[in-house]
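File shown here: work-v3.cif, holding mmCIF, C-alpha atoms.
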```
data_work
loop_
_atom_site.label_atom_id
_atom_site.label_comp_id
_atom_site.auth_asym_id
_atom_site.auth_seq_id
_atom_site.Cartn_x
_atom_site.Cartn_y
_atom_site.Cartn_z
CA MET M 4 -8.49 1.75 15.77
CA ASN M 5 -6.52 5.01 15.77
CA TYR M 6 -3.91 5.97 13.16
CA ASP M 7 -0.88 4.73 15.09
CA GLU M 8 -2.60 1.39 15.69
CA PHE M 9 -3.50 1.25 11.99
CA LYS M 10 0.14 1.83 10.97
CA ASN M 11 1.35 -0.88 13.36
CA HIS M 12 -1.27 -3.30 12.06
CA VAL M 13 -0.24 -2.67 8.44
CA GLU M 14 3.46 -3.06 9.19
CA GLU M 15 2.97 -6.34 11.06
CA ASN M 16 0.35 -7.95 8.83
CA ILE M 17 0.68 -6.73 5.24
CA LYS M 18 2.78 -9.72 4.15
CA GLY M 19 -0.23 -11.90 4.93
CA PHE M 20 -2.03 -10.27 1.99
CA LEU M 21 0.87 -10.78 -0.45
CA ASP M 22 2.06 -13.89 -2.26
CA GLU M 23 5.11 -16.02 -1.37
CA SER M 24 7.46 -13.84 -3.45
CA TYR M 25 7.19 -11.29 -0.64
CA GLU M 26 8.03 -13.80 2.12
CA ASN M 27 11.46 -12.28 2.80
CA ALA M 28 10.52 -8.68 1.95
CA SER M 29 11.40 -5.93 4.42
CA VAL M 30 8.49 -3.75 5.52
CA GLN M 31 9.16 -0.22 6.75
CA ILE M 32 7.11 2.88 7.40
CA ASN M 33 9.04 6.15 7.10
CA THR M 34 7.79 9.70 7.60
CA VAL M 35 8.66 11.79 4.57
CA ILE M 36 8.21 15.49 3.84
CA LYS M 37 6.21 16.08 0.67
CA ASN M 38 5.39 19.28 -1.15
CA ASN M 39 3.57 22.13 0.57
CA GLY M 40 4.69 21.13 4.04
CA ARG M 41 2.87 17.82 4.22
CA GLU M 42 4.35 15.01 6.28
CA LEU M 43 3.25 11.62 5.05
CA ASP M 44 3.87 8.08 6.24
CA ALA M 45 5.33 6.02 3.42
CA LEU M 46 5.00 2.23 3.53
CA GLN M 47 7.87 0.57 1.68
CA ILE M 48 7.72 -3.18 1.00
CA ARG M 49 11.10 -4.13 -0.44
CA LYS M 50 11.66 -7.62 -1.83
CA GLU M 51 15.06 -9.27 -1.41
CA GLY M 52 17.50 -7.84 -3.92
CA GLU M 53 15.23 -4.92 -4.88
CA THR M 54 16.84 -1.50 -4.90
CA ILE M 55 13.94 0.63 -6.17
CA THR M 56 10.61 0.39 -4.34
CA PRO M 57 7.32 2.27 -4.54
CA SER M 58 6.12 4.32 -1.57
CA ILE M 59 2.53 3.73 -0.50
CA TYR M 60 1.23 6.61 1.60
CA LEU M 61 -0.92 5.49 4.52
CA ASN M 62 -2.46 8.81 5.57
CA ASP M 63 -5.27 8.87 2.97
CA ILE M 64 -5.64 5.10 3.12
CA PHE M 65 -6.42 5.42 6.84
CA LYS M 66 -9.13 7.98 6.00
CA ASN M 67 -10.66 5.43 3.60
CA TYR M 68 -10.58 2.82 6.38
CA GLU M 69 -12.31 5.23 8.77
CA GLN M 70 -15.06 5.75 6.16
CA ASN M 71 -15.73 2.14 5.20
CA GLY M 72 -14.54 0.37 8.39
CA ASP M 73 -13.41 -2.79 6.56
CA LEU M 74 -9.79 -3.30 7.61
CA ASP M 75 -9.19 -6.46 5.56
CA LYS M 76 -10.47 -4.73 2.43
CA VAL M 77 -8.09 -1.82 2.98
CA MET M 78 -5.18 -4.21 3.63
CA GLN M 79 -5.95 -6.03 0.36
CA GLN M 80 -6.05 -2.70 -1.49
CA ILE M 81 -2.60 -1.85 -0.14
CA ALA M 82 -1.30 -5.25 -1.21
CA ASP M 83 -2.88 -4.88 -4.67
CA THR M 84 -1.20 -1.47 -5.07
CA ARG M 85 2.16 -3.02 -4.25
CA VAL M 86 1.64 -5.92 -6.65
CA ALA M 87 0.48 -3.55 -9.42
CA ALA M 88 3.77 -1.67 -9.08
CA ASP M 89 5.59 -4.98 -9.57
CA ARG M 90 3.80 -5.57 -12.84
CA THR M 91 4.96 -2.19 -14.14
CA GLN M 92 8.51 -2.80 -15.26
CA LEU M 93 10.80 0.07 -14.44
CA PRO M 94 12.75 1.03 -17.57
CA ILE M 95 15.90 1.74 -15.56
CA SER M 96 18.01 0.24 -12.77
CA ILE M 97 19.58 1.87 -9.74
CA ASP M 98 22.92 1.86 -11.59
CA ASP M 99 21.30 3.86 -14.41
CA ILE M 100 19.89 6.35 -11.92
CA THR M 101 23.25 7.02 -10.28
CA ASN M 102 24.88 7.57 -13.70
CA PHE M 103 23.98 11.07 -14.94
CA ASP M 104 24.63 10.36 -18.61
CA SER M 105 22.29 7.33 -18.50
CA ILE M 106 19.50 9.23 -16.76
CA LYS M 107 19.66 12.79 -18.15
CA GLY M 108 17.01 12.14 -20.78
CA LYS M 109 14.54 11.30 -18.00
CA ILE M 110 15.03 14.44 -15.96
CA ASP M 111 11.80 16.33 -15.47
CA CYS M 112 10.84 19.35 -13.39
CA ARG M 113 7.98 20.68 -11.26
CA LEU M 114 6.93 24.14 -10.17
CA LEU M 115 6.23 24.58 -6.46
CA ASN M 116 5.47 27.40 -4.06
CA MET M 117 8.71 28.54 -2.45
CA GLU M 118 7.34 29.74 0.85
CA LYS M 119 5.29 26.60 1.55
CA ASN M 120 8.21 24.32 0.72
CA GLU M 121 11.00 25.77 2.82
CA GLU M 122 11.55 22.47 4.63
CA TYR M 123 11.10 20.38 1.47
CA LEU M 124 13.72 22.41 -0.38
CA LYS M 125 16.38 22.07 2.31
CA ASP M 126 17.86 18.92 0.81
CA ARG M 127 16.71 19.26 -2.79
CA PRO M 128 18.27 21.35 -5.56
CA PHE M 129 15.96 24.06 -6.89
CA THR M 130 15.92 27.21 -9.00
CA GLN M 131 13.89 30.22 -7.93
CA VAL M 132 11.52 31.87 -10.42
CA GLU M 133 9.79 34.84 -8.76
CA ASP M 134 8.13 33.33 -5.64
CA LEU M 135 8.12 29.83 -7.14
CA ALA M 136 10.70 27.05 -7.03
CA VAL M 137 11.64 24.67 -9.83
CA VAL M 138 12.49 21.24 -8.42
CA TYR M 139 13.68 18.31 -10.45
CA SER M 140 12.56 14.71 -10.72
CA ILE M 141 13.31 11.53 -12.62
CA ASP M 142 10.53 10.21 -14.81
CA LEU M 143 10.47 6.46 -14.19
CA GLY M 144 7.69 5.73 -16.67
CA GLY M 145 4.08 4.64 -16.41
CA ASN M 146 1.01 6.21 -17.99
CA GLU M 147 -1.97 8.39 -17.21
CA THR M 148 -4.31 5.42 -16.61
CA ASP M 149 -2.19 3.14 -14.40
CA GLY M 150 -0.09 5.84 -12.81
CA LYS M 151 3.13 7.72 -13.35
CA MET M 152 6.26 6.77 -11.46
CA SER M 153 8.76 9.39 -10.43
CA THR M 154 11.27 10.33 -7.79
CA VAL M 155 12.33 13.86 -6.84
CA ILE M 156 16.06 14.55 -7.11
CA THR M 157 17.85 15.26 -3.86
CA ASP M 158 21.13 17.06 -3.09
CA ASN M 159 22.52 13.59 -2.27
CA LEU M 160 21.78 12.23 -5.75
CA MET M 161 22.97 15.39 -7.47
CA GLY M 162 26.17 15.06 -5.47
CA GLN M 163 26.63 11.52 -6.76
CA TRP M 164 26.22 12.84 -10.30
CA GLY M 165 28.85 15.53 -9.67
CA ILE M 166 26.90 18.30 -11.41
CA SER M 167 25.68 21.75 -10.40
CA THR M 168 22.09 22.94 -10.01
CA GLU M 169 22.58 25.12 -13.08
CA GLU M 170 23.53 22.10 -15.20
CA LEU M 171 20.58 20.14 -13.81
CA HIS M 172 18.25 23.05 -14.60
CA SER M 173 19.63 23.34 -18.11
CA VAL M 174 19.01 19.63 -18.81
CA ALA M 175 15.51 19.83 -17.34
CA MET M 176 14.65 22.85 -19.50
CA GLU M 177 15.94 21.10 -22.62
CA ASN M 178 13.79 18.05 -21.84
CA LEU M 179 10.82 20.33 -21.13
CA GLU M 180 11.14 21.98 -24.55
CA ASN M 181 10.79 18.52 -26.11
CA SER M 182 7.87 17.43 -23.95
CA ASP M 183 4.22 17.26 -24.97
CA SER M 184 1.71 19.80 -23.74
CA LYS M 185 -1.94 20.72 -24.07
CA PHE M 186 -3.15 24.29 -24.67
CA MET M 187 -6.92 24.30 -25.02
CA SER M 188 -9.81 26.63 -24.37
CA MET M 189 -11.43 26.29 -20.96
CA ARG M 190 -14.55 24.90 -22.60
CA ASP M 191 -12.68 22.21 -24.54
CA THR M 192 -10.65 21.29 -21.45
CA ILE M 193 -13.79 20.78 -19.35
CA VAL M 194 -15.44 18.84 -22.18
CA ALA M 195 -12.41 16.56 -22.54
CA LEU M 196 -12.49 15.79 -18.81
CA MET M 197 -16.26 15.43 -18.42
CA PHE M 198 -17.12 13.79 -21.76
CA PRO M 199 -13.95 12.04 -22.96
CA ASP M 200 -15.86 9.79 -25.36
CA MET M 201 -17.95 12.51 -27.01
CA ASP M 202 -17.10 14.67 -30.03
CA PRO M 203 -16.22 18.12 -28.58
CA SER M 204 -18.29 19.81 -31.32
CA ASP M 205 -21.44 17.84 -30.40
CA PRO M 206 -24.14 20.50 -29.73
CA GLN M 207 -25.59 18.40 -26.92
CA ILE M 208 -22.49 19.11 -24.85
CA ASP M 209 -23.13 22.84 -24.52
CA MET M 210 -26.58 22.06 -23.12
CA MET M 211 -24.88 20.17 -20.29
CA LEU M 212 -22.21 22.79 -19.54
CA PRO M 213 -22.67 26.00 -17.54
CA PRO M 214 -23.04 29.04 -19.84
CA MET M 215 -19.65 30.29 -21.04
CA ASP M 216 -19.28 33.67 -22.70
CA PRO M 217 -17.37 32.99 -25.98
CA ASP M 218 -15.88 36.52 -25.77
CA LYS M 219 -14.28 35.80 -22.41
CA ALA M 220 -11.39 33.70 -23.66
CA MET M 221 -9.76 31.49 -21.05
CA TYR M 222 -7.31 28.75 -21.84
CA VAL M 223 -5.75 25.88 -19.89
CA LEU M 224 -2.09 24.99 -20.28
CA THR M 225 -0.94 21.64 -18.94
CA SER M 226 1.20 18.63 -19.73
CA ASP M 227 -0.04 15.71 -21.78
CA ASP M 228 -0.39 13.54 -18.68
CA LYS M 229 -1.92 16.42 -16.65
CA MET M 230 0.57 15.85 -13.81
CA TYR M 231 2.64 18.81 -12.59
CA GLY M 232 1.75 20.66 -15.80
CA ALA M 233 2.40 24.12 -14.30
CA LYS M 234 6.02 23.48 -15.33
CA LEU M 235 5.01 24.42 -18.89
CA LEU M 236 5.21 28.07 -17.74
CA LEU M 237 8.99 27.56 -17.90
CA ASN M 238 8.87 26.37 -21.53
CA THR M 239 9.71 29.66 -23.25
CA GLU M 240 9.16 28.18 -26.71
CA LYS M 241 5.62 27.18 -25.77
CA MET M 242 4.98 30.46 -23.98
CA ASP M 243 6.18 32.44 -27.03
CA ASP M 244 3.84 30.38 -29.25
CA ILE M 245 0.96 31.25 -26.95
CA ALA M 246 1.94 34.93 -26.95
CA GLU M 247 1.92 34.91 -30.75
CA LYS M 248 -1.49 33.24 -30.81
CA LEU M 249 -2.97 35.64 -28.27
CA GLY M 250 -1.41 38.77 -29.73
CA GLY M 251 1.22 39.58 -27.10
CA ASP M 252 1.86 39.42 -23.37
CA PHE M 253 -0.74 37.49 -21.40
CA ILE M 254 -1.93 36.77 -17.88
CA VAL M 255 -1.40 33.51 -15.98
CA LEU M 256 -3.74 32.42 -13.19
CA PRO M 257 -2.07 29.57 -11.26
CA SER M 258 -4.77 26.93 -11.10
CA SER M 259 -2.59 24.33 -9.33
CA VAL M 260 0.79 22.61 -9.63
CA HIS M 261 -0.82 20.60 -12.44
CA GLU M 262 -2.05 23.33 -14.81
CA SER M 263 -2.29 27.06 -15.45
CA ILE M 264 -5.11 29.21 -16.75
CA ILE M 265 -4.20 31.72 -19.42
CA LEU M 266 -6.03 34.99 -20.15
CA PRO M 267 -5.22 37.18 -23.16
CA ASN M 268 -6.06 40.26 -21.08
CA ALA M 269 -7.81 41.29 -17.87
CA GLU M 270 -10.88 42.84 -19.58
CA GLY M 271 -10.78 45.65 -17.05
CA ILE M 272 -10.54 43.36 -14.02
CA SER M 273 -7.84 44.66 -11.69
CA ARG M 274 -4.86 42.60 -10.55
CA GLU M 275 -6.24 42.62 -7.01
CA GLU M 276 -9.59 41.25 -8.22
CA LEU M 277 -7.83 38.52 -10.24
CA GLU M 278 -5.79 37.61 -7.16
CA GLY M 279 -9.03 37.43 -5.19
CA ILE M 280 -10.45 34.96 -7.73
CA VAL M 281 -7.33 32.78 -7.56
CA GLN M 282 -7.29 32.86 -3.75
CA SER M 283 -10.98 31.97 -3.56
CA VAL M 284 -10.58 28.89 -5.77
CA ASN M 285 -7.38 27.89 -3.95
CA SER M 286 -9.01 28.05 -0.53
CA THR M 287 -12.34 26.40 -1.42
CA VAL M 288 -11.59 23.72 -4.01
CA LEU M 289 -7.91 22.88 -4.10
CA GLU M 290 -6.27 20.06 -2.13
CA PRO M 291 -3.32 21.39 -0.11
CA GLN M 292 -0.78 19.31 -2.07
CA ASP M 293 -1.94 20.87 -5.35
CA PHE M 294 -1.57 24.53 -4.28
CA LEU M 295 0.87 26.56 -6.36
CA SER M 296 0.29 30.25 -5.67
CA ASP M 297 -2.19 32.94 -4.59
CA ASN M 298 -0.52 35.43 -6.94
CA VAL M 299 -1.22 36.32 -10.56
CA TYR M 300 1.55 36.27 -13.17
CA CYS M 301 2.20 37.78 -16.59
CA TYR M 302 4.32 36.52 -19.46
CA ASP M 303 6.56 39.16 -21.01
CA ALA M 304 6.92 37.89 -24.57
CA GLN M 305 9.69 40.34 -25.45
CA ALA M 306 11.87 39.34 -22.49
CA HIS M 307 10.66 35.67 -22.65
CA GLU M 308 10.07 35.92 -18.94
CA LEU M 309 7.37 34.92 -16.46
CA LEU M 310 6.85 37.71 -13.93
CA ARG M 311 4.63 38.09 -10.92
CA ALA M 312 1.92 40.55 -11.96
CA ASP M 313 3.01 43.28 -9.54
CA HIS M 314 6.57 43.05 -10.91
CA TYR M 315 5.18 43.11 -14.44
CA GLU M 316 3.25 46.29 -13.62
CA GLU M 317 6.40 47.90 -12.20
CA LYS M 318 8.31 46.99 -15.35
CA ALA M 319 5.51 48.36 -17.55
CA ALA M 320 5.51 51.61 -15.54
CA GLU M 321 9.27 51.88 -16.06
CA LYS M 322 8.80 51.46 -19.82
CA VAL M 323 6.20 54.23 -19.84
CA GLN M 324 8.54 56.45 -17.82
CA MET M 325 11.42 55.77 -20.24
CA ALA M 326 9.17 56.63 -23.15
CA ALA M 327 8.25 59.86 -21.33
CA VAL M 328 11.94 60.59 -20.80
CA GLY M 329 12.45 60.12 -24.51
CA GLU M 330 9.63 62.61 -25.14
CA LYS M 331 11.32 65.19 -22.85
CA GLU M 332 14.68 64.72 -24.58
CA SER M 333 13.24 65.42 -28.00
CA ALA M 334 11.13 68.33 -26.75
CA TYR M 335 14.08 70.15 -25.18
CA GLY M 336 16.82 68.82 -27.40
CA ALA M 337 19.06 67.76 -24.51
CA LYS M 338 19.59 64.77 -22.24
CA GLU M 339 18.72 66.75 -19.17
CA ALA M 340 15.79 64.80 -17.78
CA PHE M 341 17.91 63.02 -15.15
CA GLU M 342 21.20 64.92 -15.33
CA ALA M 343 22.26 67.72 -12.93
CA LYS M 344 22.04 71.11 -14.58
CA GLU M 345 25.20 73.22 -15.05
CA PRO M 346 25.38 76.67 -13.41
CA GLY M 347 23.78 79.25 -15.67
CA ALA M 348 21.81 76.55 -17.48
CA GLU M 349 18.54 78.27 -16.50
CA LYS M 350 19.35 81.16 -18.85
CA LYS M 351 19.92 78.69 -21.71
CA ASP M 352 16.62 76.92 -20.91
CA ALA M 353 14.69 80.15 -21.33
CA HIS M 354 15.79 80.25 -24.99
CA ARG M 355 14.36 76.78 -25.60
CA GLU M 356 10.71 77.65 -24.88
CA ARG M 357 9.61 77.52 -28.53
CA LYS M 358 9.64 73.94 -29.91
CA SER M 359 10.83 73.39 -33.47
CA VAL M 360 8.59 71.46 -35.96
CA LYS M 361 11.10 68.61 -35.86
CA ALA M 362 10.84 68.50 -32.07
CA GLN M 363 7.05 68.53 -32.24
CA ILE M 364 7.03 65.53 -34.64
CA ALA M 365 9.49 63.67 -32.38
CA GLU M 366 7.24 64.46 -29.40
CA LYS M 367 4.22 62.97 -31.17
CA LYS M 368 6.19 59.81 -32.07
CA ASP M 369 7.14 59.33 -28.42
CA ILE M 370 3.55 59.78 -27.29
CA ILE M 371 2.59 57.00 -29.73
CA SER M 372 5.32 54.67 -28.40
CA LYS M 373 4.27 55.43 -24.80
CA THR M 374 0.68 54.54 -25.69
CA ALA M 375 1.85 51.30 -27.34
CA ALA M 376 3.78 50.35 -24.18
CA GLU M 377 0.62 50.86 -22.14
CA LYS M 378 -1.52 48.86 -24.62
CA ALA M 379 0.87 45.86 -24.54
CA ASN M 380 0.20 45.46 -20.82
CA PRO M 381 -2.51 42.77 -20.54
CA LEU M 382 -3.41 44.02 -17.06
CA LYS M 383 -4.81 47.19 -18.66
CA ASN M 384 -8.24 47.32 -20.28
CA HIS M 385 -7.98 46.58 -23.97
CA GLN M 386 -9.51 44.20 -26.44
CA VAL M 387 -7.35 41.75 -28.35
CA GLU M 388 -8.47 41.37 -31.93
CA LYS M 389 -9.46 37.76 -32.57
CA MET S 10 13.69 9.63 -1.57
CA LYS S 11 16.44 7.99 0.41
CA THR S 12 19.65 6.94 -1.16
CA THR S 13 22.55 6.06 1.10
CA ASN S 14 26.01 4.95 0.22
CA ASP S 15 25.48 1.85 2.34
CA GLU S 16 22.07 0.73 1.17
CA LYS S 17 21.85 2.21 -2.35
CA ASN S 18 18.11 1.87 -2.10
CA MET S 19 15.62 4.25 -3.61
CA ASN S 20 11.90 4.87 -3.30
CA TYR S 21 9.59 6.34 -5.88
CA ASP S 22 6.07 7.70 -6.04
CA TYR S 23 3.29 6.17 -8.06
CA GLU S 24 0.75 8.89 -8.89
CA HIS S 25 -2.34 9.12 -11.04
CA MET S 26 -5.36 11.34 -11.30
CA ASP S 27 -8.22 9.45 -9.69
CA SER S 28 -11.91 10.28 -10.14
CA ASP S 29 -11.95 12.52 -7.05
CA ALA S 30 -9.00 14.53 -8.29
CA LEU S 31 -10.65 14.80 -11.71
CA LYS S 32 -13.89 16.12 -10.21
CA LYS S 33 -11.99 18.70 -8.17
CA ARG S 34 -10.12 19.93 -11.24
CA ILE S 35 -13.35 20.35 -13.18
CA LEU S 36 -14.85 22.19 -10.22
CA ALA S 37 -11.82 24.50 -9.99
CA TYR S 38 -12.03 25.35 -13.70
CA ARG S 39 -15.74 26.05 -13.48
CA LYS S 40 -15.36 28.24 -10.37
CA MET S 41 -12.57 30.22 -12.02
CA SER S 42 -14.61 30.66 -15.18
CA GLU S 43 -17.75 31.70 -13.30
CA ALA S 44 -15.81 34.15 -11.10
CA MET S 45 -14.27 35.79 -14.17
CA THR S 46 -17.66 36.08 -15.84
CA ARG S 47 -19.17 37.69 -12.71
CA ALA S 48 -16.26 40.14 -12.39
CA ALA S 49 -16.52 41.14 -16.05
CA GLU S 50 -20.31 41.59 -15.72
CA ALA S 51 -19.81 43.83 -12.68
CA ILE S 52 -17.44 46.01 -14.67
CA LYS S 53 -19.90 46.21 -17.58
CA GLN S 54 -22.65 47.32 -15.23
CA LYS S 55 -20.39 49.90 -13.57
CA GLY S 56 -19.57 51.27 -17.00
CA ALA S 57 -23.26 51.36 -18.00
CA LYS S 58 -24.20 53.32 -14.83
CA ALA S 59 -21.38 55.80 -15.44
#
```
Show me, as structure tokens, the structure contained in the file I just sent.
Amino acid sequence: MNYDEFKNHVEENIKGFLDESYENASVQINTVIKNNGRELDALQIRKEGETITPSIYLNDIFKNYEQNGDLDKVMQQIADTRVAADRTQLPISIDDITNFDSIKGKIDCRLLNMEKNEEYLKDRPFTQVEDLAVVYSIDLGGNETDGKMSTVITDNLMGQWGISTEELHSVAMENLENSDSKFMSMRDTIVALMFPDMDPSDPQIDMMLPPMDPDKAMYVLTSDDKMYGAKLLLNTEKMDDIAEKLGGDFIVLPSSVHESIILPNAEGISREELEGIVQSVNSTVLEPQDFLSDNVYCYDAQAHELLRADHYEEKAAEKVQMAAVGEKESAYGAKEAFEAKEPGAEKKDAHRERKSVKAQIAEKKDIISKTAAEKANPLKNHQVEK
Amino acid sequence: MKTTNDEKNMNYDYEHMDSDALKKRILAYRKMSEAMTRAAEAIKQKGAKA
């Protein structure tokens, strides 16, 4: 059976695997565009009178069928998924969703790759952050074990609310500041995933993990439910806390749309090498729908801003240049570094060859501030005191 | 998600991290960690030779 035949079979026969409450349900399969350019076939089984229905994506289910070959088993799994969604009571109605004041507390956000989601973003409000896009969703409830329910906000829905993207973004950011997050060392994150029932300090654990250099600090930042946790990069309060803990600006390696890896500094590894590491993991391990970026980012704690690493380096170079300009000003006693010289100014310059003691002290102070600007750049080689 | 003025119907996604997704995340973390360790070692050795 090929995929089209499979879809037809599901559409025509799925009600046979559901109880009598689904007798008058409508069954539809619609192609929808999901993140990162994927087109998926969504099965929607809508009971009479229902206005909110779960989407069950058939693409991966067909792959399961191809592997195990048992069509009836796969059909029953689809039916069970639909019934399980019924048991999970949605906390809100369609009337709540179309009323902004009723729903604003449930507005969430996700970070996506802009370039890979050009089509996806055509009818969805978003805010650009560097080469990433913030999209918005409604959290419909659920939990980590049974599943989280959500729906991404479209231009259509935002239009019904009568608000702007800026207002939507502002509400999402406010909700994000109040959301739970996890910031743990790489080791503790892996332990929590691999050995959830063990005490993280149990010495037996380290015998089962690959060797990890305790001096090479890596951290994982994600949401409590580990879904779309890269959004925490937009939580400036959280990011400032991390900066304080790590001693200043830090590096972000985009692990996926679900989490980010944080480094206090590059330990001498160049930006290009870090990008190579990110790209290698992205291309060999990551599922396409989880891809966020092949770039490296830095958090500027002073500006409270997430910047792509190359932009961060440009900004750092500008700071160094400004500090150097300051040094020139104090050495020559005039703001002439970038200003056109007046006629006859050369004669005046000749008289300024000898620096005064005051000018020499000011010069030394500016050298110190230039050095500090360089040291604050986590992409340069320096050790953070722990 | 489709909402129309006529139908006023809406669809939502039901997502959770299954065991496959969990394994892939662990693998990604380990690969990242190992790659960083190798890169740092290479730099140490370069420094030692110089």
Self-check item: 7 Å contacts from chain M to chain S using only C-alpha atoms, as a PyMOL selection string
Solution: chain M and resi 54-58+147-155+193+270+272+280+284+288
Exercise. Enter the distance from CA of Ala379 (chain M) to CA of Gly251 (chain M), in Å, rounded to one decimal.
Key: 6.8 Å
Practice problem: Run the PyMOL selection byres ((chain M and resi 136) around 7) on the file and write out the hits as a ChimeraX atom specification. | Solution: /M:114-117,129-132,134-135,137-138
Written file, previous selection with C-alpha atoms, as a PDB file, in the coordinates of the input:
```pdb
ATOM      1  CA  LEU M 114       6.930  24.140 -10.170  1.00  0.00           C
ATOM      2  CA  LEU M 115       6.230  24.580  -6.460  1.00  0.00           C
ATOM      3  CA  ASN M 116       5.470  27.400  -4.060  1.00  0.00           C
ATOM      4  CA  MET M 117       8.710  28.540  -2.450  1.00  0.00           C
ATOM      5  CA  PHE M 129      15.960  24.060  -6.890  1.00  0.00           C
ATOM      6  CA  THR M 130      15.920  27.210  -9.000  1.00  0.00           C
ATOM      7  CA  GLN M 131      13.890  30.220  -7.930  1.00  0.00           C
ATOM      8  CA  VAL M 132      11.520  31.870 -10.420  1.00  0.00           C
ATOM      9  CA  ASP M 134       8.130  33.330  -5.640  1.00  0.00           C
ATOM     10  CA  LEU M 135       8.120  29.830  -7.140  1.00  0.00           C
ATOM     11  CA  VAL M 137      11.640  24.670  -9.830  1.00  0.00           C
ATOM     12  CA  VAL M 138      12.490  21.240  -8.420  1.00  0.00           C
TER      13      VAL M 138
END
```
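Taking CA of Glu240 (chain M) and CA of Ile110 (chain M) as endpoints, the distance between them is 18.4 Å.
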Using only the atoms of region 204-209 of chain M listed in the file, plus 5 Å on each side, state the axis-aligned box centre and edge lengths in Å rounded to one decimal, as AutoDock Vina command-line options.
```
--center_x -21.9 --center_y 20.3 --center_z -27.9 --size_x 17.3 --size_y 15.0 --size_z 16.8
```
Quiz prompt | Polymer residues at most 12 Å from Val194 (chain M), only C-alpha atoms, same-chain spacing of 4 or more positions, as a PyMOL selection string | solution = (chain M and resi 187-190+198-213) or (chain S and resi 35+38-39)
Quiz prompt | Selection result of the PyMOL selection byres ((chain M and resi 157) around 8) on this file, as JSON, numbers by chain | solution = {"M": [126, 127, 128, 155, 156, 158, 159, 160, 161], "S": [10]}
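Here CA of Glu23 (chain M) stands at a distance of 21.5 Å from CA of Asn11 (chain M).
Closest approach to Tyr300 (chain M) among M:Thr168, M:Thr91, M:Thr84, M:Asn268: M:Asn268, based on only C-alpha atoms.
Proximity ranking of M:Arg274, M:Glu69, M:Ser296, M:Asn62 relative to Ser258 (chain M) places M:Ser296 first, based on only C-alpha atoms.
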Exercise. Identify all residues satisfying the PyMOL selection byres ((chain M and resi 35-37) around 9) in the given file; provide them as a ChimeraX atom specification.
Key: /M:33-34,38-45,120,122-123,292 /S:10
Output C-alpha atoms for every residue in that selection, as an mmCIF file, keeping the file's coordinate frame.
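This went into selection_38.cif:
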```cif
data_model
loop_
_atom_site.group_PDB
_atom_site.id
_atom_site.type_symbol
_atom_site.label_atom_id
_atom_site.label_comp_id
_atom_site.auth_asym_id
_atom_site.auth_seq_id
_atom_site.Cartn_x
_atom_site.Cartn_y
_atom_site.Cartn_z
ATOM 1 C CA ASN M 33 9.040 6.150 7.100
ATOM 2 C CA THR M 34 7.790 9.700 7.600
ATOM 3 C CA ASN M 38 5.390 19.280 -1.150
ATOM 4 C CA ASN M 39 3.570 22.130 0.570
ATOM 5 C CA GLY M 40 4.690 21.130 4.040
ATOM 6 C CA ARG M 41 2.870 17.820 4.220
ATOM 7 C CA GLU M 42 4.350 15.010 6.280
ATOM 8 C CA LEU M 43 3.250 11.620 5.050
ATOM 9 C CA ASP M 44 3.870 8.080 6.240
ATOM 10 C CA ALA M 45 5.330 6.020 3.420
ATOM 11 C CA ASN M 120 8.210 24.320 0.720
ATOM 12 C CA GLU M 122 11.550 22.470 4.630
ATOM 13 C CA TYR M 123 11.100 20.380 1.470
ATOM 14 C CA GLN M 292 -0.780 19.310 -2.070
ATOM 15 C CA MET S 10 13.690 9.630 -1.570
#
```
Exercise. Find the residues near Ser286 (chain M): any atom within 12 Å, counting only C-alpha atoms, skip ones fewer than 3 places away on the same chain, and give them as a ChimeraX atom specification.
Key: /M:258-259,279-283,289-291,293-297 /S:37,40
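In this comparison, which uses only C-alpha atoms, the residue of M:Ala312, M:Asp63, M:Ser105, M:Ala28 approaching Glu14 (chain M) most closely is M:Ala28.
Residue neighbourhood of Gly108 (chain M), excluding near-sequence residues (fewer than 5 positions): Phe103, Ile141, Asp142, Val174, Ala175, Glu177 and Asn178 of chain M, at 10 Å, using all atoms listed in the file.
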Could you rebuild region 45-51 of chain S with N, CA and C atoms and give me the result as an mmCIF file, in the coordinates of the input?
```
data_model
loop_
_atom_site.group_PDB
_atom_site.id
_atom_site.type_symbol
_atom_site.label_atom_id
_atom_site.label_comp_id
_atom_site.auth_asym_id
_atom_site.auth_seq_id
_atom_site.Cartn_x
_atom_site.Cartn_y
_atom_site.Cartn_z
ATOM 1 N N MET S 45 -14.709 34.830 -13.147
ATOM 2 C CA MET S 45 -14.270 35.790 -14.170
ATOM 3 C C MET S 45 -15.478 36.410 -14.857
ATOM 4 N N THR S 46 -16.461 35.583 -15.158
ATOM 5 C CA THR S 46 -17.660 36.080 -15.840
ATOM 6 C C THR S 46 -18.385 37.094 -14.945
ATOM 7 N N ARG S 47 -18.479 36.770 -13.652
ATOM 8 C CA ARG S 47 -19.170 37.690 -12.710
ATOM 9 C C ARG S 47 -18.411 39.006 -12.610
ATOM 10 N N ALA S 48 -17.075 38.929 -12.523
ATOM 11 C CA ALA S 48 -16.260 40.140 -12.390
ATOM 12 C C ALA S 48 -16.407 41.018 -13.634
ATOM 13 N N ALA S 49 -16.396 40.387 -14.793
ATOM 14 C CA ALA S 49 -16.520 41.140 -16.050
ATOM 15 C C ALA S 49 -17.913 41.778 -16.154
ATOM 16 N N GLU S 50 -18.938 41.060 -15.710
ATOM 17 C CA GLU S 50 -20.310 41.590 -15.720
ATOM 18 C C GLU S 50 -20.411 42.815 -14.818
ATOM 19 N N ALA S 51 -19.772 42.720 -13.641
ATOM 20 C CA ALA S 51 -19.810 43.830 -12.680
ATOM 21 C C ALA S 51 -19.186 45.083 -13.294
#
```
